[in-house]
file model-v8.cif (mmCIF, C-alpha atoms)
data_protein
#
loop_
_atom_site.group_PDB
_atom_site.id
_atom_site.type_symbol
_atom_site.label_atom_id
_atom_site.label_comp_id
_atom_site.auth_asym_id
_atom_site.auth_seq_id
_atom_site.Cartn_x
_atom_site.Cartn_y
_atom_site.Cartn_z
ATOM 1 C CA MET A 1 9.494 -19.228 -6.529
ATOM 2 C CA THR A 2 7.120 -19.576 -9.453
ATOM 3 C CA SER A 3 7.759 -17.597 -12.614
ATOM 4 C CA VAL A 4 4.653 -16.527 -14.550
ATOM 5 C CA SER A 5 5.854 -13.559 -16.603
ATOM 6 C CA THR A 6 8.729 -12.485 -18.784
ATOM 7 C CA LEU A 7 11.559 -10.555 -17.238
ATOM 8 C CA GLY A 8 11.651 -6.821 -17.815
ATOM 9 C CA GLY A 9 14.260 -4.330 -16.730
ATOM 10 C CA PRO A 10 16.631 -2.797 -16.071
ATOM 11 C CA TRP A 11 14.541 -2.041 -13.007
ATOM 12 C CA ARG A 12 13.755 1.606 -12.328
ATOM 13 C CA LEU A 13 10.746 1.609 -9.985
ATOM 14 C CA VAL A 14 9.556 -0.570 -7.089
ATOM 15 C CA VAL A 15 5.934 -0.254 -5.992
ATOM 16 C CA ALA A 16 4.946 -1.807 -2.653
ATOM 17 C CA ASP A 17 1.503 -2.392 -1.219
ATOM 18 C CA LEU A 18 0.981 -1.425 2.414
ATOM 19 C CA ASP A 19 -1.587 -3.594 4.213
ATOM 20 C CA GLY A 20 -0.501 -7.224 4.500
ATOM 21 C CA THR A 21 2.716 -6.421 2.632
ATOM 22 C CA LEU A 22 4.841 -3.803 4.383
ATOM 23 C CA VAL A 23 2.444 -3.804 7.345
ATOM 24 C CA THR A 24 2.070 -7.239 8.940
ATOM 25 C CA GLY A 25 -0.530 -8.897 11.152
ATOM 26 C CA THR A 26 -3.019 -6.045 10.751
ATOM 27 C CA THR A 27 -3.928 -3.217 8.380
ATOM 28 C CA ALA A 28 -3.464 0.523 8.732
ATOM 29 C CA ALA A 29 -7.216 0.983 9.088
ATOM 30 C CA VAL A 30 -7.600 -1.695 11.766
ATOM 31 C CA HIS A 31 -4.560 -0.391 13.648
ATOM 32 C CA LEU A 32 -5.904 3.159 13.629
ATOM 33 C CA ASP A 33 -9.423 2.138 14.395
ATOM 34 C CA ASP A 34 -8.334 0.102 17.390
ATOM 35 C CA TRP A 35 -6.759 3.382 18.537
ATOM 36 C CA ILE A 36 -9.951 5.331 17.780
ATOM 37 C CA GLY A 37 -12.168 2.644 19.297
ATOM 38 C CA HIS A 38 -14.171 1.201 16.382
ATOM 39 C CA GLY A 39 -11.968 -1.721 15.387
ATOM 40 C CA PRO A 40 -14.693 -4.367 14.936
ATOM 41 C CA VAL A 41 -16.480 -2.224 12.343
ATOM 42 C CA ILE A 42 -13.500 -1.866 10.026
ATOM 43 C CA GLN A 43 -12.502 -5.510 10.537
ATOM 44 C CA ASP A 44 -15.871 -6.587 9.142
ATOM 45 C CA LEU A 45 -15.621 -4.167 6.204
ATOM 46 C CA GLU A 46 -12.105 -5.349 5.333
ATOM 47 C CA ARG A 47 -13.165 -8.999 5.566
ATOM 48 C CA ARG A 48 -15.954 -8.286 3.085
ATOM 49 C CA PHE A 49 -13.534 -6.435 0.783
ATOM 50 C CA ALA A 50 -11.039 -9.322 0.858
ATOM 51 C CA SER A 51 -13.806 -11.744 -0.139
ATOM 52 C CA GLY A 52 -14.976 -9.507 -2.986
ATOM 53 C CA GLU A 53 -18.347 -8.621 -1.432
ATOM 54 C CA ILE A 54 -17.686 -4.867 -1.478
ATOM 55 C CA THR A 55 -15.265 -2.458 -3.145
ATOM 56 C CA SER A 56 -12.528 -0.303 -1.665
ATOM 57 C CA THR A 57 -14.745 2.708 -2.383
ATOM 58 C CA GLN A 58 -17.571 1.245 -0.325
ATOM 59 C CA VAL A 59 -15.209 0.484 2.555
ATOM 60 C CA ALA A 60 -13.900 4.053 2.571
ATOM 61 C CA GLU A 61 -17.308 5.699 2.303
ATOM 62 C CA ARG A 62 -18.761 3.609 5.122
ATOM 63 C CA TYR A 63 -15.874 4.162 7.492
ATOM 64 C CA ALA A 64 -14.746 7.730 6.771
ATOM 65 C CA PRO A 65 -17.376 9.310 9.066
ATOM 66 C CA PHE A 66 -15.779 7.608 12.088
ATOM 67 C CA TYR A 67 -12.706 9.826 11.592
ATOM 68 C CA ARG A 68 -14.616 13.080 11.860
ATOM 69 C CA ASP A 69 -12.889 15.537 14.244
ATOM 70 C CA ILE A 70 -9.841 13.270 14.708
ATOM 71 C CA ALA A 71 -6.585 15.220 14.302
ATOM 72 C CA LEU A 72 -4.384 14.218 11.370
ATOM 73 C CA ALA A 73 -1.304 14.862 13.526
ATOM 74 C CA ASP A 74 -2.498 12.435 16.210
ATOM 75 C CA ALA A 75 -3.337 9.738 13.643
ATOM 76 C CA THR A 76 0.108 10.155 12.078
ATOM 77 C CA VAL A 77 1.799 9.577 15.446
ATOM 78 C CA ALA A 78 -0.357 6.483 16.030
ATOM 79 C CA MET A 79 0.802 5.004 12.702
ATOM 80 C CA ALA A 80 4.413 4.861 13.912
ATOM 81 C CA GLN A 81 3.486 2.010 16.266
ATOM 82 C CA ILE A 82 2.161 -0.336 13.579
ATOM 83 C CA PRO A 83 3.852 -3.764 13.117
ATOM 84 C CA SER A 84 5.765 -4.114 9.867
ATOM 85 C CA LEU A 85 8.324 -6.133 7.952
ATOM 86 C CA ASP A 86 11.948 -5.876 8.988
ATOM 87 C CA ASP A 87 14.575 -4.066 6.918
ATOM 88 C CA ILE A 88 12.198 -1.763 5.018
ATOM 89 C CA ALA A 89 14.255 1.415 5.408
ATOM 90 C CA LEU A 90 17.420 -0.535 4.545
ATOM 91 C CA GLY A 91 15.795 -1.992 1.441
ATOM 92 C CA VAL A 92 14.601 1.403 0.228
ATOM 93 C CA SER A 93 18.071 2.847 0.853
ATOM 94 C CA LEU A 94 19.685 0.069 -1.200
ATOM 95 C CA LEU A 95 17.262 0.732 -4.042
ATOM 96 C CA ASN A 96 17.979 4.447 -3.961
ATOM 97 C CA CYS A 97 21.727 3.792 -4.091
ATOM 98 C CA ARG A 98 21.088 1.916 -7.349
ATOM 99 C CA GLY A 99 19.012 4.737 -8.824
ATOM 100 C CA ILE A 100 15.733 2.866 -8.316
ATOM 101 C CA GLU A 101 12.789 4.829 -6.940
ATOM 102 C CA ALA A 102 10.408 3.232 -4.418
ATOM 103 C CA VAL A 103 6.779 4.226 -3.802
ATOM 104 C CA ILE A 104 3.776 2.882 -1.912
ATOM 105 C CA ALA A 105 0.400 2.184 -3.570
ATOM 106 C CA THR A 106 -2.403 1.219 -1.218
ATOM 107 C CA ALA A 107 -6.155 0.786 -1.320
ATOM 108 C CA GLY A 108 -6.153 2.153 2.248
ATOM 109 C CA TRP A 109 -5.776 5.635 3.708
ATOM 110 C CA SER A 110 -3.053 7.677 2.030
ATOM 111 C CA PHE A 111 -2.264 9.623 5.212
ATOM 112 C CA GLY A 112 -1.309 6.387 6.953
ATOM 113 C CA ALA A 113 0.943 5.402 4.075
ATOM 114 C CA GLU A 114 2.494 8.874 4.018
ATOM 115 C CA ALA A 115 3.380 8.643 7.705
ATOM 116 C CA LEU A 116 5.230 5.374 7.100
ATOM 117 C CA ALA A 117 6.758 6.515 3.811
ATOM 118 C CA ASP A 118 8.445 9.336 5.711
ATOM 119 C CA LEU A 119 9.863 6.842 8.214
ATOM 120 C CA TRP A 120 11.077 4.378 5.605
ATOM 121 C CA GLY A 121 12.234 6.708 2.819
ATOM 122 C CA PHE A 122 9.686 6.010 0.063
ATOM 123 C CA ALA A 123 9.495 8.755 -2.540
ATOM 124 C CA GLY A 124 5.719 8.840 -2.954
ATOM 125 C CA VAL A 125 2.352 7.428 -1.955
ATOM 126 C CA HIS A 126 -1.001 6.771 -3.583
ATOM 127 C CA GLY A 127 -4.113 5.741 -1.672
ATOM 128 C CA VAL A 128 -7.509 6.847 -0.416
ATOM 129 C CA ASP A 129 -7.465 10.516 0.599
ATOM 130 C CA LEU A 130 -9.410 11.334 3.740
ATOM 131 C CA GLU A 131 -10.377 15.000 3.658
ATOM 132 C CA VAL A 132 -8.759 17.304 6.242
ATOM 133 C CA ASP A 133 -9.958 20.761 7.272
ATOM 134 C CA ASP A 134 -6.928 22.966 6.558
ATOM 135 C CA ALA A 135 -7.927 25.437 9.267
ATOM 136 C CA THR A 136 -8.181 22.915 12.107
ATOM 137 C CA GLY A 137 -6.089 19.938 10.970
ATOM 138 C CA LEU A 138 -9.053 17.679 11.732
ATOM 139 C CA PHE A 139 -10.570 15.042 9.455
ATOM 140 C CA THR A 140 -13.964 16.054 8.091
ATOM 141 C CA GLY A 141 -15.250 12.489 7.808
ATOM 142 C CA ARG A 142 -15.428 12.715 4.011
ATOM 143 C CA VAL A 143 -13.373 10.965 1.328
ATOM 144 C CA GLY A 144 -11.450 13.251 -1.020
ATOM 145 C CA ARG A 145 -10.229 10.555 -3.432
ATOM 146 C CA HIS A 146 -10.832 6.846 -3.748
ATOM 147 C CA CYS A 147 -8.382 4.141 -4.821
ATOM 148 C CA GLU A 148 -9.528 0.939 -6.488
ATOM 149 C CA PRO A 149 -7.094 -1.723 -7.794
ATOM 150 C CA GLU A 150 -7.134 -0.216 -11.291
ATOM 151 C CA ASP A 151 -6.138 3.145 -9.824
ATOM 152 C CA LYS A 152 -2.885 1.599 -8.620
ATOM 153 C CA VAL A 153 -2.037 0.803 -12.231
ATOM 154 C CA THR A 154 -2.872 4.365 -13.297
ATOM 155 C CA PHE A 155 -0.666 5.766 -10.527
ATOM 156 C CA VAL A 156 2.252 3.549 -11.513
ATOM 157 C CA ALA A 157 1.845 4.458 -15.186
ATOM 158 C CA GLU A 158 2.007 8.139 -14.217
ATOM 159 C CA GLN A 159 5.168 7.492 -12.182
ATOM 160 C CA CYS A 160 6.695 5.733 -15.183
ATOM 161 C CA GLN A 161 5.875 8.685 -17.412
ATOM 162 C CA CYS A 162 7.598 11.048 -14.975
ATOM 163 C CA LEU A 163 10.674 8.806 -14.876
ATOM 164 C CA GLY A 164 10.704 8.193 -18.615
ATOM 165 C CA VAL A 165 10.516 4.406 -18.206
ATOM 166 C CA GLY A 166 8.123 1.613 -19.150
ATOM 167 C CA LEU A 167 5.889 -0.570 -17.033
ATOM 168 C CA ASP A 168 8.183 -3.466 -17.921
ATOM 169 C CA GLN A 169 10.843 -1.765 -15.751
ATOM 170 C CA VAL A 170 8.605 -1.810 -12.671
ATOM 171 C CA VAL A 171 8.612 -4.312 -9.802
ATOM 172 C CA ALA A 172 5.397 -4.655 -7.779
ATOM 173 C CA ILE A 173 5.346 -6.181 -4.293
ATOM 174 C CA GLY A 174 2.026 -7.132 -2.719
ATOM 175 C CA ASP A 175 -0.066 -9.751 -1.023
ATOM 176 C CA GLY A 176 -3.699 -9.770 -2.063
ATOM 177 C CA ARG A 177 -6.685 -8.898 -4.180
ATOM 178 C CA SER A 178 -5.910 -5.202 -4.620
ATOM 179 C CA ASP A 179 -2.514 -6.043 -6.163
ATOM 180 C CA LEU A 180 -3.600 -8.416 -8.917
ATOM 181 C CA ARG A 181 -4.113 -5.868 -11.706
ATOM 182 C CA LEU A 182 -0.777 -4.263 -10.956
ATOM 183 C CA PHE A 183 0.942 -7.653 -10.930
ATOM 184 C CA HIS A 184 -0.310 -8.282 -14.459
ATOM 185 C CA ALA A 185 0.722 -4.813 -15.688
ATOM 186 C CA VAL A 186 4.372 -4.641 -14.599
ATOM 187 C CA GLY A 187 7.625 -6.356 -15.531
ATOM 188 C CA PHE A 188 8.015 -8.422 -12.353
ATOM 189 C CA SER A 189 5.900 -9.024 -9.256
ATOM 190 C CA VAL A 190 6.585 -10.520 -5.837
ATOM 191 C CA ALA A 191 3.857 -11.946 -3.614
ATOM 192 C CA ILE A 192 5.036 -11.827 -0.001
ATOM 193 C CA ASN A 193 3.122 -13.626 2.772
ATOM 194 C CA ALA A 194 0.330 -13.576 0.228
ATOM 195 C CA SER A 195 -3.067 -15.023 -0.579
ATOM 196 C CA ALA A 196 -3.317 -17.951 -2.973
ATOM 197 C CA GLY A 197 -4.644 -15.645 -5.698
ATOM 198 C CA ALA A 198 -1.730 -13.248 -5.364
ATOM 199 C CA GLN A 199 0.779 -16.097 -5.363
ATOM 200 C CA ALA A 200 -0.730 -17.498 -8.549
ATOM 201 C CA ALA A 201 -0.500 -14.101 -10.288
ATOM 202 C CA ALA A 202 3.027 -13.205 -9.156
ATOM 203 C CA SER A 203 6.348 -13.760 -10.859
ATOM 204 C CA ALA A 204 7.839 -14.928 -7.537
ATOM 205 C CA THR A 205 6.534 -15.800 -4.095
ATOM 206 C CA VAL A 206 8.220 -15.226 -0.737
ATOM 207 C CA GLY A 207 7.319 -16.120 2.820
ATOM 208 C CA SER A 208 9.398 -13.861 5.036
ATOM 209 C CA GLN A 209 9.399 -11.089 7.615
ATOM 210 C CA SER A 210 12.166 -9.202 5.787
ATOM 211 C CA PHE A 211 11.583 -6.707 2.995
ATOM 212 C CA LEU A 212 15.043 -7.574 1.704
ATOM 213 C CA ASP A 213 13.884 -11.103 0.886
ATOM 214 C CA ALA A 214 11.187 -9.669 -1.384
ATOM 215 C CA LEU A 215 13.755 -7.489 -3.139
ATOM 216 C CA THR A 216 16.318 -10.259 -3.591
ATOM 217 C CA ALA A 217 13.642 -12.429 -5.209
ATOM 218 C CA VAL A 218 13.796 -10.080 -8.205
ATOM 219 C CA PRO A 219 16.562 -11.037 -10.659
ATOM 220 C CA GLY A 220 19.115 -8.248 -10.982
ATOM 221 C CA LEU A 221 17.375 -5.802 -8.656
ATOM 222 C CA LEU A 222 20.038 -5.578 -5.948
ATOM 223 C CA ASP A 223 22.972 -6.983 -7.903
#
call {"tool": "encode", "arguments": {"input": "model-v8.cif", "output": "structure tokens"}}
result
Amino acid sequence: MTSVSTLGGPWRLVVADLDGTLVTGTTAAVHLDDWIGHGPVIQDLERRFASGEITSTQVAERYAPFYRDIALADATVAMAQIPSLDDIALGVSLLNCRGIEAVIATAGWSFGAEALADLWGFAGVHGVDLEVDDATGLFTGRVGRHCEPEDKVTFVAEQCQCLGVGLDQVVAIGDGRSDLRLFHAVGFSVAINASAGAQAAASATVGSQSFLDALTAVPGLLD
């Protein structure tokens, strides 16, 4: 582990990224788009985002039309098959028992994160909203809300305000470019299976397939 920030606490909120963090070996968009049948398109867009060529907003706007007339309910079922870290539901349960809330903040589709949050027990989600026709339950192919890295910080600040706590009482867990601003804003950050940039910005680094290992890397979190 490499410490790069002062210790905050007592911890009151854990914020986890989705793609590359809780979800492993793929991303929610690639997983869904393999199911839809346009996987190579989103893989190229995500590669360009990871390298800094394009923004999350550009990725969403260019790919949203491919979801037109896909049922939200069907996409939610498809999300349940995505590969992920071990022990996520257990980790969230342990946090809750200690009075610590856990949420997901992603630069990807919020509906995908919501499907997994329900499975794992997370209290809330922030991400890119893909518009749904309320009458039909089908995606319209339009983006309702975007999420750039700075929007993750805004979301977490709003969660802190609701809880009556400070950003120094927040733990962020992530793996890549979209997590860097949040890492710098909170009390402690864990880079799990992460890029070199995320590892350099984090308070601690972990290479593991267990969510519990990310949590135990935080001093005092599960004590």
call {"tool": "resolve_selection", "arguments": {"input": "model-v8.cif", "expression": "the PyMOL selection byres ((chain A and resi 123-129) around 10)", "output": "ChimeraX atom specification"}}
result
/A:15-18,56-57,60,64,92,96,101-118,120-122,130-132,142-148,151-152,155-156,159
call {"tool": "write_last_selection", "arguments": {"input": "model-v8.cif", "atoms": "C-alpha atoms", "output": "PDB file, in the frame of the given file"}}
result
ATOM      1  CA  VAL A  15       5.934  -0.254  -5.992  1.00  0.00           C
ATOM      2  CA  ALA A  16       4.946  -1.807  -2.653  1.00  0.00           C
ATOM      3  CA  ASP A  17       1.503  -2.392  -1.219  1.00  0.00           C
ATOM      4  CA  LEU A  18       0.981  -1.425   2.414  1.00  0.00           C
ATOM      5  CA  SER A  56     -12.528  -0.303  -1.665  1.00  0.00           C
ATOM      6  CA  THR A  57     -14.745   2.708  -2.383  1.00  0.00           C
ATOM      7  CA  ALA A  60     -13.900   4.053   2.571  1.00  0.00           C
ATOM      8  CA  ALA A  64     -14.746   7.730   6.771  1.00  0.00           C
ATOM      9  CA  VAL A  92      14.601   1.403   0.228  1.00  0.00           C
ATOM     10  CA  ASN A  96      17.979   4.447  -3.961  1.00  0.00           C
ATOM     11  CA  GLU A 101      12.789   4.829  -6.940  1.00  0.00           C
ATOM     12  CA  ALA A 102      10.408   3.232  -4.418  1.00  0.00           C
ATOM     13  CA  VAL A 103       6.779   4.226  -3.802  1.00  0.00           C
ATOM     14  CA  ILE A 104       3.776   2.882  -1.912  1.00  0.00           C
ATOM     15  CA  ALA A 105       0.400   2.184  -3.570  1.00  0.00           C
ATOM     16  CA  THR A 106      -2.403   1.219  -1.218  1.00  0.00           C
ATOM     17  CA  ALA A 107      -6.155   0.786  -1.320  1.00  0.00           C
ATOM     18  CA  GLY A 108      -6.153   2.153   2.248  1.00  0.00           C
ATOM     19  CA  TRP A 109      -5.776   5.635   3.708  1.00  0.00           C
ATOM     20  CA  SER A 110      -3.053   7.677   2.030  1.00  0.00           C
ATOM     21  CA  PHE A 111      -2.264   9.623   5.212  1.00  0.00           C
ATOM     22  CA  GLY A 112      -1.309   6.387   6.953  1.00  0.00           C
ATOM     23  CA  ALA A 113       0.943   5.402   4.075  1.00  0.00           C
ATOM     24  CA  GLU A 114       2.494   8.874   4.018  1.00  0.00           C
ATOM     25  CA  ALA A 115       3.380   8.643   7.705  1.00  0.00           C
ATOM     26  CA  LEU A 116       5.230   5.374   7.100  1.00  0.00           C
ATOM     27  CA  ALA A 117       6.758   6.515   3.811  1.00  0.00           C
ATOM     28  CA  ASP A 118       8.445   9.336   5.711  1.00  0.00           C
ATOM     29  CA  TRP A 120      11.077   4.378   5.605  1.00  0.00           C
ATOM     30  CA  GLY A 121      12.234   6.708   2.819  1.00  0.00           C
ATOM     31  CA  PHE A 122       9.686   6.010   0.063  1.00  0.00           C
ATOM     32  CA  LEU A 130      -9.410  11.334   3.740  1.00  0.00           C
ATOM     33  CA  GLU A 131     -10.377  15.000   3.658  1.00  0.00           C
ATOM     34  CA  VAL A 132      -8.759  17.304   6.242  1.00  0.00           C
ATOM     35  CA  ARG A 142     -15.428  12.715   4.011  1.00  0.00           C
ATOM     36  CA  VAL A 143     -13.373  10.965   1.328  1.00  0.00           C
ATOM     37  CA  GLY A 144     -11.450  13.251  -1.020  1.00  0.00           C
ATOM     38  CA  ARG A 145     -10.229  10.555  -3.432  1.00  0.00           C
ATOM     39  CA  HIS A 146     -10.832   6.846  -3.748  1.00  0.00           C
ATOM     40  CA  CYS A 147      -8.382   4.141  -4.821  1.00  0.00           C
ATOM     41  CA  GLU A 148      -9.528   0.939  -6.488  1.00  0.00           C
ATOM     42  CA  ASP A 151      -6.138   3.145  -9.824  1.00  0.00           C
ATOM     43  CA  LYS A 152      -2.885   1.599  -8.620  1.00  0.00           C
ATOM     44  CA  PHE A 155      -0.666   5.766 -10.527  1.00  0.00           C
ATOM     45  CA  VAL A 156       2.252   3.549 -11.513  1.00  0.00           C
ATOM     46  CA  GLN A 159       5.168   7.492 -12.182  1.00  0.00           C
TER      47      GLN A 159
END
call {"tool": "residues_around", "arguments": {"input": "model-v8.cif", "residues": "A:Leu221", "least_positions_apart": "2", "cutoff": "10 Å", "atoms": "all atoms listed in the file", "output": "PDB file with C-alpha atoms, in the frame of the given file"}}
result
ATOM      1  CA  GLY A   9      14.260  -4.330 -16.730  1.00  0.00           C
ATOM      2  CA  PRO A  10      16.631  -2.797 -16.071  1.00  0.00           C
ATOM      3  CA  TRP A  11      14.541  -2.041 -13.007  1.00  0.00           C
ATOM      4  CA  ARG A  12      13.755   1.606 -12.328  1.00  0.00           C
ATOM      5  CA  VAL A  14       9.556  -0.570  -7.089  1.00  0.00           C
ATOM      6  CA  LEU A  94      19.685   0.069  -1.200  1.00  0.00           C
ATOM      7  CA  LEU A  95      17.262   0.732  -4.042  1.00  0.00           C
ATOM      8  CA  ARG A  98      21.088   1.916  -7.349  1.00  0.00           C
ATOM      9  CA  ILE A 100      15.733   2.866  -8.316  1.00  0.00           C
ATOM     10  CA  VAL A 171       8.612  -4.312  -9.802  1.00  0.00           C
ATOM     11  CA  LEU A 215      13.755  -7.489  -3.139  1.00  0.00           C
ATOM     12  CA  THR A 216      16.318 -10.259  -3.591  1.00  0.00           C
ATOM     13  CA  ALA A 217      13.642 -12.429  -5.209  1.00  0.00           C
ATOM     14  CA  VAL A 218      13.796 -10.080  -8.205  1.00  0.00           C
ATOM     15  CA  PRO A 219      16.562 -11.037 -10.659  1.00  0.00           C
ATOM     16  CA  ASP A 223      22.972  -6.983  -7.903  1.00  0.00           C
TER      17      ASP A 223
END
call {"tool": "atom_distance", "arguments": {"input": "model-v8.cif", "atom1": "atom CA of A:Leu167", "atom2": "atom CA of A:Gln209"}}
result
27.0 Å
call {"tool": "resolve_selection", "arguments": {"input": "model-v8.cif", "expression": "the PyMOL selection byres ((chain A and resi 84) around 6)", "output": "list in words"}}
result
Leu22, Val23, Thr24, Pro83 and Leu85 of chain A
call {"tool": "resolve_selection", "arguments": {"input": "model-v8.cif", "expression": "the PyMOL selection byres ((chain A and resi 31) around 12)", "output": "compact mmCIF listing (two decimals) with C-alpha atoms, in the coordinates of the input"}}
result
# COMPACT_ATOMS: atom_id res chain seq x y z
CA ASP A 19 -1.59 -3.59 4.21
CA VAL A 23 2.44 -3.80 7.34
CA THR A 24 2.07 -7.24 8.94
CA GLY A 25 -0.53 -8.90 11.15
CA THR A 26 -3.02 -6.04 10.75
CA THR A 27 -3.93 -3.22 8.38
CA ALA A 28 -3.46 0.52 8.73
CA ALA A 29 -7.22 0.98 9.09
CA VAL A 30 -7.60 -1.70 11.77
CA LEU A 32 -5.90 3.16 13.63
CA ASP A 33 -9.42 2.14 14.40
CA ASP A 34 -8.33 0.10 17.39
CA TRP A 35 -6.76 3.38 18.54
CA ILE A 36 -9.95 5.33 17.78
CA GLY A 37 -12.17 2.64 19.30
CA HIS A 38 -14.17 1.20 16.38
CA GLY A 39 -11.97 -1.72 15.39
CA PRO A 40 -14.69 -4.37 14.94
CA ILE A 42 -13.50 -1.87 10.03
CA GLN A 43 -12.50 -5.51 10.54
CA ALA A 75 -3.34 9.74 13.64
CA THR A 76 0.11 10.15 12.08
CA VAL A 77 1.80 9.58 15.45
CA ALA A 78 -0.36 6.48 16.03
CA MET A 79 0.80 5.00 12.70
CA ALA A 80 4.41 4.86 13.91
CA GLN A 81 3.49 2.01 16.27
CA ILE A 82 2.16 -0.34 13.58
CA PRO A 83 3.85 -3.76 13.12
CA SER A 84 5.76 -4.11 9.87
CA GLY A 108 -6.15 2.15 2.25
CA TRP A 109 -5.78 5.64 3.71
CA GLY A 112 -1.31 6.39 6.95
call {"tool": "closest_residue", "arguments": {"input": "model-v8.cif", "among": "A:Arg177, A:Leu72, A:Thr136, A:Ala89", "to": "A:Glu53", "atoms": "only C-alpha atoms"}}
result
A:Arg177
call {"tool": "atom_distance", "arguments": {"input": "model-v8.cif", "atom1": "atom CA of A:Pro65", "atom2": "atom CA of A:Ala50"}}
result
21.3 Å
call {"tool": "decode", "arguments": {"input": "model-v8.cif", "residues": "stretch 50-61 of chain A", "atoms": "N, CA, C and O atoms", "output": "PDB file, in the first residue's frame"}}
result
ATOM      1  N   ALA A  50     -10.682   5.914 -22.175  1.00  0.00           N
ATOM      2  CA  ALA A  50      -9.624   5.565 -21.230  1.00  0.00           C
ATOM      3  C   ALA A  50      -8.312   6.281 -21.555  1.00  0.00           C
ATOM      4  O   ALA A  50      -7.540   6.615 -20.655  1.00  0.00           O
ATOM      5  N   SER A  51      -8.083   6.546 -22.841  1.00  0.00           N
ATOM      6  CA  SER A  51      -6.851   7.218 -23.253  1.00  0.00           C
ATOM      7  C   SER A  51      -6.976   8.732 -23.231  1.00  0.00           C
ATOM      8  O   SER A  51      -6.001   9.445 -23.506  1.00  0.00           O
ATOM      9  N   GLY A  52      -8.173   9.242 -22.921  1.00  0.00           N
ATOM     10  CA  GLY A  52      -8.375  10.679 -22.839  1.00  0.00           C
ATOM     11  C   GLY A  52      -8.713  11.352 -24.148  1.00  0.00           C
ATOM     12  O   GLY A  52      -8.779  12.581 -24.223  1.00  0.00           O
ATOM     13  N   GLU A  53      -8.983  10.565 -25.195  1.00  0.00           N
ATOM     14  CA  GLU A  53      -9.301  11.145 -26.512  1.00  0.00           C
ATOM     15  C   GLU A  53     -10.688  11.770 -26.536  1.00  0.00           C
ATOM     16  O   GLU A  53     -10.914  12.768 -27.236  1.00  0.00           O
ATOM     17  N   ILE A  54     -11.636  11.169 -25.821  1.00  0.00           N
ATOM     18  CA  ILE A  54     -13.007  11.667 -25.791  1.00  0.00           C
ATOM     19  C   ILE A  54     -13.526  11.657 -24.362  1.00  0.00           C
ATOM     20  O   ILE A  54     -12.942  11.022 -23.484  1.00  0.00           O
ATOM     21  N   THR A  55     -14.632  12.358 -24.124  1.00  0.00           N
ATOM     22  CA  THR A  55     -15.207  12.449 -22.792  1.00  0.00           C
ATOM     23  C   THR A  55     -16.291  11.392 -22.599  1.00  0.00           C
ATOM     24  O   THR A  55     -16.783  10.788 -23.548  1.00  0.00           O
ATOM     25  N   SER A  56     -16.702  11.230 -21.338  1.00  0.00           N
ATOM     26  CA  SER A  56     -17.814  10.341 -21.036  1.00  0.00           C
ATOM     27  C   SER A  56     -19.080  10.800 -21.753  1.00  0.00           C
ATOM     28  O   SER A  56     -19.867   9.983 -22.238  1.00  0.00           O
ATOM     29  N   THR A  57     -19.273  12.104 -21.834  1.00  0.00           N
ATOM     30  CA  THR A  57     -20.445  12.649 -22.538  1.00  0.00           C
ATOM     31  C   THR A  57     -20.446  12.243 -23.998  1.00  0.00           C
ATOM     32  O   THR A  57     -21.483  11.842 -24.552  1.00  0.00           O
ATOM     33  N   GLN A  58     -19.304  12.313 -24.638  1.00  0.00           N
ATOM     34  CA  GLN A  58     -19.218  11.925 -26.050  1.00  0.00           C
ATOM     35  C   GLN A  58     -19.475  10.436 -26.238  1.00  0.00           C
ATOM     36  O   GLN A  58     -20.135  10.033 -27.198  1.00  0.00           O
ATOM     37  N   VAL A  59     -18.963   9.621 -25.319  1.00  0.00           N
ATOM     38  CA  VAL A  59     -19.231   8.181 -25.388  1.00  0.00           C
ATOM     39  C   VAL A  59     -20.735   7.923 -25.321  1.00  0.00           C
ATOM     40  O   VAL A  59     -21.305   7.196 -26.130  1.00  0.00           O
ATOM     41  N   ALA A  60     -21.386   8.537 -24.335  1.00  0.00           N
ATOM     42  CA  ALA A  60     -22.818   8.303 -24.135  1.00  0.00           C
ATOM     43  C   ALA A  60     -23.639   8.778 -25.327  1.00  0.00           C
ATOM     44  O   ALA A  60     -24.550   8.077 -25.783  1.00  0.00           O
ATOM     45  N   GLU A  61     -23.338   9.959 -25.834  1.00  0.00           N
ATOM     46  CA  GLU A  61     -24.117  10.502 -26.941  1.00  0.00           C
ATOM     47  C   GLU A  61     -23.962   9.660 -28.208  1.00  0.00           C
ATOM     48  O   GLU A  61     -24.917   9.478 -28.971  1.00  0.00           O
TER      49      GLU A  61
END
